[in-house]
Amino acid sequence: MWCTGSPLRSVITPRYITNAGFNLRTTVADVIDQNGNWKWPQAWFDLFPVLITISVPNLDSNAEDRLVWKDVDGKPGDFKSAQVWNTIRSQEHHAPWANMVWFSQCIPRHAFHMWLAFRNKLKTQDRMAVWEAGSQTNLNLMCCPLCNYDRDSRDHLFFQCNFSAQVWNKVKAMVNLTNVDTTWSSILNWVEQHSRSKSVDHIVSKLVIAAASYYIWQERNNRLSTNSKRTVDQVAEMVKGSVRLRLMSFRFRASSAKERIFKAWQICNDDVVDPG
Ligand SMILES: [Zn+2]
């Protein structure tokens, strides 16, 4: 690496290069004289001020030219496909809720649902109202199928809605989420503080939050498309059941934590098929 502004022919036109006695195949060594000075015309420094900043490199005459990979910050290194992908992909800031959505113990379909919820991309009635400006009558009929009160929205469903709040209060009693109320902002608050934690209690809490919103969303959709209705207790049991099932295949680091969690979730050791 002898020049950060290379190739110089992108600033110096071929006409100037030829007029100075060089050509497009001229190498760096060709433009350095025996005393270690640039051979290019003095006038070039006025025409292309970038040249002033380039110091003459110390060339090892025995070394062969070679290609070097640079990462996105310009640091040279060995070729790594991961590095190349990191360099060419478009990058965004790490979302503060990323660790709430994706973690190694997550339930994938719940994670995908959470991802949509955090981005507020679920097809809730408040968002559909914006798209379907035409059919005003249908929109006027829209109301939350869980409580029949007003249009639903992400913040309503998780967990301001009267039905959701009851499910939420039942399942959050299983974990230490007493400081989290029924508002989306208080969930976000918890997520920002604890979602990176590796503690088993925080991981179980994340499973509970994701499962609660997943099954409430599922119940909301079932009610819109069919006549079947589950009760608060039934939905809460589905949430607990899915978390319980996940916990059975958990790898606990400490057996004391395993005993405590299994007791809280009423899991009997005989139920568990050892994954290892
Ligand atoms: Zn509702």
# chains A, B, ... in the order shown; residues from 1 in each chain; ligands from 1
call {"tool": "residues_near_ligand", "arguments": {"ligand": "ligand 1", "cutoff": "12 Å", "atoms": "only C-alpha atoms and all ligand atoms", "output": "PyMOL selection string"}}
result
chain A and resi 124-125+142-167+216-217+219-220+223
call {"tool": "closest_atom_pairs", "arguments": {"of": "region 36-153 of chain A", "to": "region 185-204 of chain A", "cutoff": "7 Å", "atoms": "only C-alpha atoms", "output": "tab-separated table"}}
result
residue	atom	partner	partner_atom	distance
A:Pro96	CA	A:Glu192	CA	6.1
A:Trp97	CA	A:Val191	CA	6.3
A:Asn99	CA	A:Ser195	CA	5.4
A:Met100	CA	A:Ser195	CA	5.1
call {"tool": "write_last_selection", "arguments": {"atoms": "N, CA and C atoms", "output": "JSON list (two decimals), in the first residue's frame"}}
result
[["chain", "number", "residue", "atom", "x", "y", "z"],
["A", 96, "PRO", "N", -32.01, -2.12, 19.26],
["A", 96, "PRO", "CA", -31.90, -2.38, 20.71],
["A", 96, "PRO", "C", -32.67, -3.63, 21.13],
["A", 97, "TRP", "N", -33.59, -4.11, 20.27],
["A", 97, "TRP", "CA", -34.39, -5.28, 20.63],
["A", 97, "TRP", "C", -33.89, -6.56, 19.96],
["A", 99, "ASN", "N", -31.58, -8.71, 20.51],
["A", 99, "ASN", "CA", -31.34, -9.87, 21.37],
["A", 99, "ASN", "C", -32.61, -10.42, 22.00],
["A", 100, "MET", "N", -33.67, -9.64, 21.95],
["A", 100, "MET", "CA", -34.97, -10.13, 22.42],
["A", 100, "MET", "C", -35.57, -11.05, 21.35]]
call {"tool": "residues_around", "arguments": {"residues": "Ser55 (chain A)", "least_positions_apart": "2", "cutoff": "9 Å", "atoms": "only C-alpha atoms", "output": "list of chain:residue names"}}
result
A:Trp2, A:Cys3, A:Trp38, A:Leu51, A:Ile52, A:Thr53, A:Pro57
call {"tool": "select_by_dssp", "arguments": {"residues": "region 22-185 of chain A", "states": "helix (DSSP H, G or I)", "output": "JSON, numbers by chain"}}
result
{"A": [29, 30, 31, 43, 44, 45, 46, 47, 49, 50, 51, 52, 53, 81, 82, 83, 84, 85, 86, 87, 88, 98, 99, 100, 101, 108, 109, 110, 111, 112, 113, 114, 115, 116, 117, 118, 125, 126, 127, 128, 129, 130, 131, 136, 137, 138, 139, 140, 141, 154, 155, 156, 157, 158, 159, 160, 162, 163, 164, 165, 166, 167, 168, 169, 170, 171, 172, 184, 185]}
call {"tool": "write_last_selection", "arguments": {"atoms": "C-alpha atoms", "output": "CSV table (one decimal), in the first residue's frame"}}
result
chain,number,residue,atom,x,y,z
A,29,ALA,CA,9.0,1.8,-9.4
A,30,ASP,CA,9.1,3.4,-12.8
A,31,VAL,CA,8.2,6.8,-11.4
A,43,ALA,CA,3.8,21.0,-12.7
A,44,TRP,CA,1.8,18.0,-11.7
A,45,PHE,CA,1.9,19.0,-8.1
A,46,ASP,CA,-0.1,22.2,-9.0
A,47,LEU,CA,-2.4,20.4,-11.3
A,49,PRO,CA,-2.6,18.6,-5.4
A,50,VAL,CA,-3.4,15.0,-4.2
A,51,LEU,CA,0.2,14.1,-5.2
A,52,ILE,CA,1.6,16.4,-2.5
A,53,THR,CA,0.3,14.1,0.2
A,81,SER,CA,-15.7,-14.8,2.8
A,82,ALA,CA,-17.4,-13.5,5.9
A,83,GLN,CA,-15.2,-10.4,5.7
A,84,VAL,CA,-16.2,-9.9,2.0
A,85,TRP,CA,-19.9,-10.3,2.8
A,86,ASN,CA,-19.5,-7.7,5.7
A,87,THR,CA,-17.9,-5.3,3.3
A,88,ILE,CA,-20.4,-5.4,0.5
A,98,ALA,CA,-32.3,-7.6,18.4
A,99,ASN,CA,-31.3,-9.9,21.4
A,100,MET,CA,-35.0,-10.1,22.4
A,101,VAL,CA,-35.9,-11.5,19.0
A,108,PRO,CA,-38.2,-19.7,15.7
A,109,ARG,CA,-41.8,-19.0,14.8
A,110,HIS,CA,-42.2,-16.8,17.9
A,111,ALA,CA,-39.0,-15.0,17.0
A,112,PHE,CA,-40.2,-14.2,13.5
A,113,HIS,CA,-43.5,-12.9,15.0
A,114,MET,CA,-41.5,-10.7,17.5
A,115,TRP,CA,-39.4,-9.3,14.7
A,116,LEU,CA,-42.6,-8.2,12.9
A,117,ALA,CA,-44.0,-6.8,16.2
A,118,PHE,CA,-40.9,-4.8,17.0
A,125,GLN,CA,-56.3,-2.7,12.0
A,126,ASP,CA,-54.7,0.7,12.6
A,127,ARG,CA,-52.2,0.0,9.8
A,128,MET,CA,-54.7,-1.5,7.5
A,129,ALA,CA,-56.9,1.5,7.8
A,130,VAL,CA,-54.2,3.6,6.2
A,131,TRP,CA,-54.0,1.3,3.2
A,136,GLN,CA,-64.9,3.3,4.7
A,137,THR,CA,-67.9,1.1,5.8
A,138,ASN,CA,-65.6,-1.9,6.3
A,139,LEU,CA,-63.2,0.2,8.3
A,140,ASN,CA,-65.9,1.5,10.5
A,141,LEU,CA,-66.8,-2.1,11.4
A,154,ARG,CA,-49.6,-3.4,18.2
A,155,ASP,CA,-49.7,-1.4,21.4
A,156,HIS,CA,-53.3,-2.3,22.0
A,157,LEU,CA,-52.7,-6.1,21.5
A,158,PHE,CA,-49.5,-6.2,23.5
A,159,PHE,CA,-51.0,-5.9,26.1
A,160,GLN,CA,-53.3,-3.0,26.6
A,162,ASN,CA,-58.5,-6.1,28.2
A,163,PHE,CA,-58.3,-9.8,27.0
A,164,SER,CA,-54.5,-9.6,26.3
A,165,ALA,CA,-53.8,-7.9,29.7
A,166,GLN,CA,-55.5,-10.8,31.5
A,167,VAL,CA,-53.4,-13.4,29.5
A,168,TRP,CA,-50.3,-11.3,30.1
A,169,ASN,CA,-50.8,-11.0,33.8
A,170,LYS,CA,-51.4,-14.8,34.1
A,171,VAL,CA,-48.2,-15.7,32.3
A,172,LYS,CA,-45.9,-13.0,33.5
A,184,TRP,CA,-45.5,-1.8,24.9
A,185,SER,CA,-43.1,0.9,26.2
call {"tool": "atom_distance", "arguments": {"atom1": "CA of Ala254 (chain A)", "atom2": "CA of Ala212 (chain A)"}}
result
26.7 Å
call {"tool": "select_by_dssp", "arguments": {"residues": "region 16-93 of chain A", "states": "strand (DSSP E)", "output": "VMD selection string"}}
result
chain A and resid 69 to 70 76 to 77
call {"tool": "atom_distance", "arguments": {"atom1": "CA of Ala173 (chain A)", "atom2": "CA of Val208 (chain A)"}}
result
10.1 Å
